[in-house]
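Participant: Right, I'll just put the structure down here and ask away after.
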Amino acid sequence: LKPAIITLLTDFGARDYFVGAMKGVILSLNPDATIVDLTHEIPPQDIQAAAFNLLACFKDFPAGTIHVAVVDPGVGSDRRAIVVECSDQFFIGPDNGLFSWIVEREGAFKARELTNNRFFRNPVSATFHGRDVFAPVAGALSTGISVTELGDTLPDINRLPSIEPKRVNDGTIQGRVIHIDHFGNCVTNLSAEYFARATMLFINQHKLTSFFKFFAEARRDDDPFCFVGSAGLLEIATRDGRAASILSVECGQSVTLKLSQTQ
Amino acid sequence: LKPAIITLLTDFGARDYFVGAMKGVILSLNPDATIVDLTHEIPPQDIQAAAFNLLACFKDFPAGTIHVAVVDPGVGSDRRAIVVECSDQFFIGPDNGLFSWIVEREGAFKARELTNNRFFRNPVSATFHGRDVFAPVAGALSTGISVTELGDTLPDINRLPSIEPKRVNDGTIQGRVIHIDHFGNCVTNLSAEYFARATMLFINQHKLTSFFKFFAEARRDDDPFCFVGSAGLLEIATRDGRAASILSVECGQSVTLKLSQTQ
Amino acid sequence: LKPAIITLLTDFGARDYFVGAMKGVILSLNPDATIVDLTHEIPPQDIQAAAFNLLACFKDFPAGTIHVAVVDPGVGSDRRAIVVECSDQFFIGPDNGLFSWIVEREGAFKARELTNNRFFRNPVSATFHGRDVFAPVAGALSTGISVTELGDTLPDINRLPSIEPKRVNDGTIQGRVIHIDHFGNCVTNLSAEYFARATMLFINQHKLTSFFKFFAEARRDDDPFCFVGSAGLLEIATRDGRAASILSVECGQSVTLKLSQTQ
């Protein structure tokens with residue numbers, strides 16, 4: 001029997017008992033669970049940042065992993081709580097788009113609404129479903145409870161705006177910045193396939209023409225360049241500074257990529 | 001045999017080797033221990049913040065859990081090191097009030113001074129008892145060493161000012177802010193029982209009259225409101241901003257709650 | 001069979017999927033691995049800070065522990081990837097000096113270049129060898145793969161400037177600040193052996209003459225003093241403030257220690 005792996009991704013930060021409480025609930029149900037923190041530093045209520053970070057690493061986990069994501073501005077309202085089966089893994093959280101990019105990329109999925117309160121903490125608070133709904137459901141699932149017991153299937157889940165960029169014409173792709181990382185790199189939704197043909201990237205009045213394979217290629221200064229990041233997406237970076245600050249880029253900002261016509 | 005669960009709560013922050021060293025010491029004694037970080041971002045030397053965070057989540061952990069808390073401005077002086085048994089769990093740390101709110105709430109407890117240096121790391125430094133005293137004692141306890149071997153019983157532990165608010169009269173309760181969380185919410189020591197009768201809360205020259213069940217009830221602006229937080233205590237929040245900043249609230253500040261007389 | 005312990009130390013920060021991806025890769029190879037975060041808050045590309053933090057705690061871990069350190073400004077260039085055996089433990093990371101102070105202190109070691117790409121993630125990105133090279137090699141090693149399979153031995157590893165201070169004369173030692181910790185304490189490379197004879201420490205135009213055994217000895221104010229920190233090195237601190245700010249100290253700054261001649 002493989003130990004059950006449960007990952008946690010939230011916007012709870014590191015200074016409070018919130019994440020500890022979720023772990024206590026899980027370990028009370030399954031003391032053998034392996035709990036992995038993905039990150040708890042998602043900017044408050046930033047569902048797209050959470051969706052991107054989960055998308056970027058879920059495939060590195062083994063089949064059967066249970067991912068719990070709690071960025072939940074609608075907690076206590078009538079937003080649904082869901083479990084999604086996709087790519088041989090489980091995703092548990094509020095139905096606000098957190099898992100929609102995974103589902104969009106993978107295609108096949110099955111979603112259920114978490115309605116069986118037999119698996120909830122008792123009582124359920126109005127403000128902390130991470131502890132009271134999502135953690136105990138993940139704990140139950142990790143002990144071998146069938147996902148079919150958690151609630152009825154849903155025809156679809158709520159979706160974020162598509163992660164795919166727009167093809168304006170043969171030579172122009174319109175995308176956007178979907179995440180700014182710890183190093184100030186700006187992650188776009190432009191996938192690696194465009195890299196070979198890329199000639200120019202426009203962002204925020206700036207025109208970038210350097211497309212590098214790795215950081216050491218750049219001269220040691222603040223000139224921004226593009227490269228394919230570890231999530232398989234085009235990123236904007238500088239060798240030593242924070243590209244997001246230097247270019248005044250914010251999350252959501254649009255980027256335009258020009259491609260050579262020759263290929 | 002259930003795996004031993006050991007939680008860690010400190011003011012060590014995340015950038016140094018301190019927490020890693022404690023984990024290494026524990027795993028050297030008990031490689032099967034499950035170590036859980038509660039938080040390491042307690043403001044330096046803030047014993048009340050540590051006491052609150054531990055109080056707010058210890059019950060989510062299973063019986064037998066060992067909680068190690070190290071916020072220890074008196075390290076190296078003659079302050080005592082203690083282990084407290086309470087509510088079927090163990091609490092290890094300096095005797096400076098860290099566990100006093102748990103003991104105050106739970107009533108029954110047994111405390112011992114950690115005097116048996118056979119269980120300490122050798123040598124014991126003057127500055128890092130987290131690594132040299134508390135972690136190895138927790139590790140030993142997790143392997144089945146009896147708590148009676150750790151030292152003699154104490155009649156009482158050092159106490160913080162009571163967590164209970166003062167009843168000024170039938171309609172007025174005097175409390176204080178005991179924690180400001182990651183979202184800027186101000187957690188008071190006013191318990192949920194007052195919520196139904198609450199009519200007005202005074203804090204820092206401000207008068208609050210909105211008492212909501214969950215965040216989505218609030219309009220999307222900066223108006224502060226009260227709600228019952230996940231620790232079962234009244235909190236002050238705003239929907240989108242940081243209530244602590246908007247109201248200039250600091251930890252320890254007093255609050256006055258007015259109750260309706262009708263109930 | 002003891003569970004395999006793998007520690008992680010990086011400059012990746014806490015807000016992205018980077019560390020989670022490394023853990024997923026490890027757990028995919030060895031679901032029984034115990035993964036310990038040392039810190040992910042090393043200042044970006046600060047190899048010396050990483051080297052110090054690893055040096056300060058590796059001995060607290062049991063024999064056989066695998067330490068993965070990824071502070072890797074040269075990722076994607078031709079810098080080598082290595083595994084070092086030293087003090088009955090394993091160290092995996094880029095060959096840029098991260099492990100050189102451990103090797104300098106311990107003396108005996110064996111290093112290998114990680115050339116056997118059978119143990120790498122496929123494909124290997126140009127920017128994230130933490131996930132694609134170091135994590136999977138650590139995972140493989142933890143499952144019992146022999147270190148000899150990972151690559152050929154190297155005569156030496158790249159070295160940082162020595163961690164040893166310079167003896168100017170019988171009464172004068174020239175050292176430097178090698179780390180500033182969470183509390184603003186300035187850790188020097190002056191070892192505890194000098195403490196008994198220390199009379200004066202010069203740093204940044206300031207002259208310190210207080211040498212204390214523990215913090216509670218200091219008066220509750222901002223006067224800086226010296227003490228032997230938990231890493232066995234002289235540190236500069238104040239009781240309540242941040243010594244690094246009060247004295248305007250930065251990492252790398254030189255310190256001069258005067259010793260009494262009498263001993």
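All residue names refer to the structure tokens as shown: chains lettered A, B, ... in order, residues numbered from 1 in each chain, ligands numbered from 1 in order.
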Name the residues in contact with Pro224 (chain C) at a cut-off of 8 Å, using only C-alpha atoms, excluding same-chain residues fewer than 5 positions from it; report them as number ranges by chain.
Facilitator: C: 208, 210, 236-239, 243
Participant: Restricted to N, CA, C and O atoms, what would the selected residues look like written as a compact mmCIF listing (two decimals), in the first residue's frame?
Facilitator:
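part-v7.txt was written with the following content:
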```txt
# COMPACT_ATOMS: atom_id res chain seq x y z
N LEU C 208 32.76 47.03 20.08
CA LEU C 208 31.92 46.29 21.02
C LEU C 208 32.78 45.68 22.11
O LEU C 208 33.80 45.04 21.82
N SER C 210 31.05 44.18 25.05
CA SER C 210 30.21 43.28 25.86
C SER C 210 30.21 41.89 25.24
O SER C 210 29.83 41.72 24.08
N ILE C 236 26.84 38.94 16.69
CA ILE C 236 26.58 40.27 17.25
C ILE C 236 25.08 40.45 17.31
O ILE C 236 24.39 40.24 16.30
N ALA C 237 24.57 40.84 18.47
CA ALA C 237 23.12 40.96 18.64
C ALA C 237 22.80 42.12 19.56
O ALA C 237 23.69 42.71 20.17
N THR C 238 21.52 42.46 19.61
CA THR C 238 21.03 43.32 20.68
C THR C 238 19.86 42.59 21.31
O THR C 238 19.31 41.65 20.72
N ARG C 239 19.50 43.02 22.50
CA ARG C 239 18.43 42.32 23.20
C ARG C 239 17.10 42.44 22.48
O ARG C 239 16.37 41.49 22.32
N ALA C 243 20.42 43.99 15.38
CA ALA C 243 21.80 44.47 15.40
C ALA C 243 22.26 44.88 14.01
O ALA C 243 22.95 45.89 13.84
```
Participant: Give as a list in words every residue of chain B that touches chain A within 7 Å, counting only C-alpha atoms.
Facilitator: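 In the required form, that comes to Lys2, Pro3, Asp37, Leu38, Thr39, His40, Glu41, Ile42, Asn53, Ala56, Cys57, Asp60, Phe61, Pro62, Asp181, His182, Lys213, Phe214, Ala216, Gly229 and Ser230 of chain B.
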Participant: I want to know what sits within 12 Å of Glu104 (chain A), based on only C-alpha atoms, with residues of the same chain fewer than 3 positions away left out; could you give that as a ChimeraX atom specification?
Facilitator: /A:51,55,86-87,97-101,107-109,156-164
Participant: If you keep C-alpha atoms, can you produce a file of those selected residues as a short mmCIF file (atom, residue, chain, number, x, y, z; two decimals), in the first residue's frame?
Facilitator:
```
data_model
loop_
_atom_site.label_atom_id
_atom_site.label_comp_id
_atom_site.auth_asym_id
_atom_site.auth_seq_id
_atom_site.Cartn_x
_atom_site.Cartn_y
_atom_site.Cartn_z
CA ALA A 51 -4.75 27.77 -10.72
CA LEU A 55 -1.28 23.42 -13.12
CA CYS A 86 -8.55 14.19 -13.63
CA SER A 87 -5.32 12.67 -14.92
CA GLY A 97 -12.12 27.94 -11.29
CA LEU A 98 -9.13 26.70 -9.30
CA PHE A 99 -9.02 23.46 -11.31
CA SER A 100 -10.35 24.74 -14.62
CA TRP A 101 -7.00 25.10 -16.40
CA GLY A 107 -9.80 17.17 -21.40
CA ALA A 108 -11.32 14.16 -19.63
CA PHE A 109 -12.46 14.70 -16.05
CA ASP A 156 -19.23 20.81 -15.49
CA ILE A 157 -17.22 23.01 -13.15
CA ASN A 158 -16.90 26.78 -13.11
CA ARG A 159 -14.24 27.98 -15.55
CA LEU A 160 -11.69 30.75 -15.52
CA PRO A 161 -11.02 32.62 -18.79
CA SER A 162 -9.17 30.13 -21.02
CA ILE A 163 -5.44 29.75 -20.45
CA GLU A 164 -4.90 29.55 -24.21
#
```
Participant: If you run DSSP on the backbone, which residues of region 73-188 of chain C are strand (DSSP E), as number ranges by chain?
Facilitator: C: 81-86, 89-94, 110-113, 153-154, 166-169, 172-180, 186-188
Participant: Generate a file of the selected residues that holds N, CA, C and O atoms, formatted as a tab-separated table (two decimals), in the first residue's frame.
Facilitator:
```tsv
chain	number	residue	atom	x	y	z
C	81	ALA	N	26.95	19.33	-12.06
C	81	ALA	CA	26.06	18.88	-10.99
C	81	ALA	C	26.80	17.79	-10.24
C	81	ALA	O	27.44	16.94	-10.85
C	82	ILE	N	26.74	17.82	-8.90
C	82	ILE	CA	27.56	16.87	-8.12
C	82	ILE	C	26.79	16.22	-6.98
C	82	ILE	O	25.75	16.70	-6.54
C	83	VAL	N	27.35	15.10	-6.52
C	83	VAL	CA	26.96	14.51	-5.24
C	83	VAL	C	28.25	14.36	-4.43
C	83	VAL	O	29.27	13.92	-4.96
C	84	VAL	N	28.18	14.78	-3.19
C	84	VAL	CA	29.34	14.69	-2.29
C	84	VAL	C	28.99	13.77	-1.12
C	84	VAL	O	27.93	13.93	-0.52
C	85	GLU	N	29.86	12.82	-0.84
C	85	GLU	CA	29.72	12.01	0.38
C	85	GLU	C	30.67	12.57	1.42
C	85	GLU	O	31.87	12.70	1.17
C	86	CYS	N	30.14	12.90	2.58
C	86	CYS	CA	30.97	13.51	3.62
C	86	CYS	C	30.28	13.29	4.95
C	86	CYS	O	29.06	13.48	5.05
C	89	GLN	N	26.99	11.41	5.22
C	89	GLN	CA	25.78	11.95	4.63
C	89	GLN	C	26.04	12.27	3.15
C	89	GLN	O	27.18	12.22	2.69
C	90	PHE	N	24.97	12.57	2.42
C	90	PHE	CA	25.08	12.88	1.00
C	90	PHE	C	24.64	14.33	0.75
C	90	PHE	O	23.69	14.80	1.37
C	91	PHE	N	25.33	14.98	-0.19
C	91	PHE	CA	25.01	16.37	-0.54
C	91	PHE	C	24.90	16.46	-2.05
C	91	PHE	O	25.84	16.11	-2.76
C	92	ILE	N	23.75	16.92	-2.52
C	92	ILE	CA	23.47	16.95	-3.95
C	92	ILE	C	23.14	18.38	-4.37
C	92	ILE	O	22.32	19.04	-3.73
C	93	GLY	N	23.76	18.85	-5.44
C	93	GLY	CA	23.48	20.20	-5.93
C	93	GLY	C	24.47	20.61	-6.98
C	93	GLY	O	25.27	19.80	-7.46
C	94	PRO	N	24.43	21.89	-7.39
C	94	PRO	CA	25.40	22.39	-8.37
C	94	PRO	C	26.78	22.53	-7.71
C	94	PRO	O	26.88	22.72	-6.50
C	110	LYS	N	34.19	12.45	-0.65
C	110	LYS	CA	34.28	11.92	-2.01
C	110	LYS	C	33.21	12.60	-2.86
C	110	LYS	O	32.06	12.66	-2.48
C	111	ALA	N	33.64	13.12	-4.02
C	111	ALA	CA	32.70	13.84	-4.89
C	111	ALA	C	32.55	13.12	-6.22
C	111	ALA	O	33.51	12.52	-6.73
C	112	ARG	N	31.37	13.19	-6.79
C	112	ARG	CA	31.10	12.64	-8.11
C	112	ARG	C	30.32	13.65	-8.94
C	112	ARG	O	29.51	14.39	-8.40
C	113	GLU	N	30.57	13.63	-10.22
C	113	GLU	CA	29.74	14.44	-11.11
C	113	GLU	C	28.50	13.64	-11.48
C	113	GLU	O	28.58	12.44	-11.76
C	153	THR	N	33.97	9.84	-10.21
C	153	THR	CA	34.50	10.66	-9.12
C	153	THR	C	35.23	11.88	-9.68
C	153	THR	O	35.72	11.89	-10.80
C	154	LEU	N	35.26	12.91	-8.85
C	154	LEU	CA	35.96	14.16	-9.17
C	154	LEU	C	37.12	14.32	-8.20
C	154	LEU	O	37.00	13.97	-7.03
C	166	LYS	N	41.38	35.06	9.56
C	166	LYS	CA	42.84	35.20	9.47
C	166	LYS	C	43.40	35.62	10.81
C	166	LYS	O	42.94	36.58	11.42
C	167	ARG	N	44.48	34.95	11.25
C	167	ARG	CA	45.19	35.34	12.45
C	167	ARG	C	46.21	36.40	12.03
C	167	ARG	O	47.19	36.11	11.36
C	168	VAL	N	45.95	37.66	12.38
C	168	VAL	CA	46.85	38.75	11.99
C	168	VAL	C	48.09	38.72	12.87
C	168	VAL	O	49.22	38.80	12.39
C	169	ASN	N	47.88	38.59	14.18
C	169	ASN	CA	48.97	38.36	15.13
C	169	ASN	C	48.38	37.71	16.38
C	169	ASN	O	47.18	37.43	16.42
C	172	THR	N	45.19	39.53	17.47
C	172	THR	CA	44.24	40.10	16.51
C	172	THR	C	43.78	39.05	15.49
C	172	THR	O	44.62	38.42	14.83
C	173	ILE	N	42.48	38.91	15.39
C	173	ILE	CA	41.90	37.98	14.41
C	173	ILE	C	41.01	38.78	13.47
C	173	ILE	O	40.22	39.61	13.89
C	174	GLN	N	41.19	38.52	12.18
C	174	GLN	CA	40.41	39.22	11.16
C	174	GLN	C	39.37	38.26	10.59
C	174	GLN	O	39.72	37.23	9.99
C	175	GLY	N	38.10	38.59	10.77
C	175	GLY	CA	37.05	37.71	10.24
C	175	GLY	C	36.05	38.48	9.39
C	175	GLY	O	36.34	39.58	8.92
C	176	ARG	N	34.87	37.89	9.20
C	176	ARG	CA	33.83	38.59	8.43
C	176	ARG	C	32.44	38.08	8.83
C	176	ARG	O	32.31	37.02	9.43
C	177	VAL	N	31.44	38.86	8.48
C	177	VAL	CA	30.05	38.46	8.72
C	177	VAL	C	29.64	37.52	7.59
C	177	VAL	O	29.76	37.87	6.41
C	178	ILE	N	29.20	36.31	7.95
C	178	ILE	CA	28.83	35.36	6.90
C	178	ILE	C	27.33	35.14	6.78
C	178	ILE	O	26.85	34.51	5.84
C	179	HIS	N	26.57	35.69	7.72
C	179	HIS	CA	25.12	35.52	7.64
C	179	HIS	C	24.44	36.52	8.57
C	179	HIS	O	24.95	36.83	9.63
C	180	ILE	N	23.29	37.03	8.13
C	180	ILE	CA	22.44	37.85	9.01
C	180	ILE	C	21.13	37.10	9.16
C	180	ILE	O	20.49	36.77	8.15
C	186	CYS	N	24.11	39.20	13.57
C	186	CYS	CA	25.17	39.10	12.57
C	186	CYS	C	26.09	37.94	12.96
C	186	CYS	O	26.82	38.03	13.94
C	187	VAL	N	26.06	36.87	12.17
C	187	VAL	CA	26.88	35.70	12.44
C	187	VAL	C	28.24	35.91	11.78
C	187	VAL	O	28.32	36.19	10.59
C	188	THR	N	29.34	35.80	12.57
C	188	THR	CA	30.68	35.93	12.01
C	188	THR	C	31.30	34.55	11.80
C	188	THR	O	30.73	33.54	12.21
```
Participant: Set the distance at 12 Å and use only C-alpha atoms: which residues neighbour Arg197 (chain A) once local chain neighbours fewer than 5 positions away are removed? I'd like the list as a list in words.
Facilitator: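 Near neighbours after the sequence-gap exclusion: Asp170, Gly171, Thr172, Ile173, Ser191, Ala192, Thr209, Phe211, Leu257, Lys258, Leu259, Ser260, Gln261, Thr262 and Gln263 of chain A.
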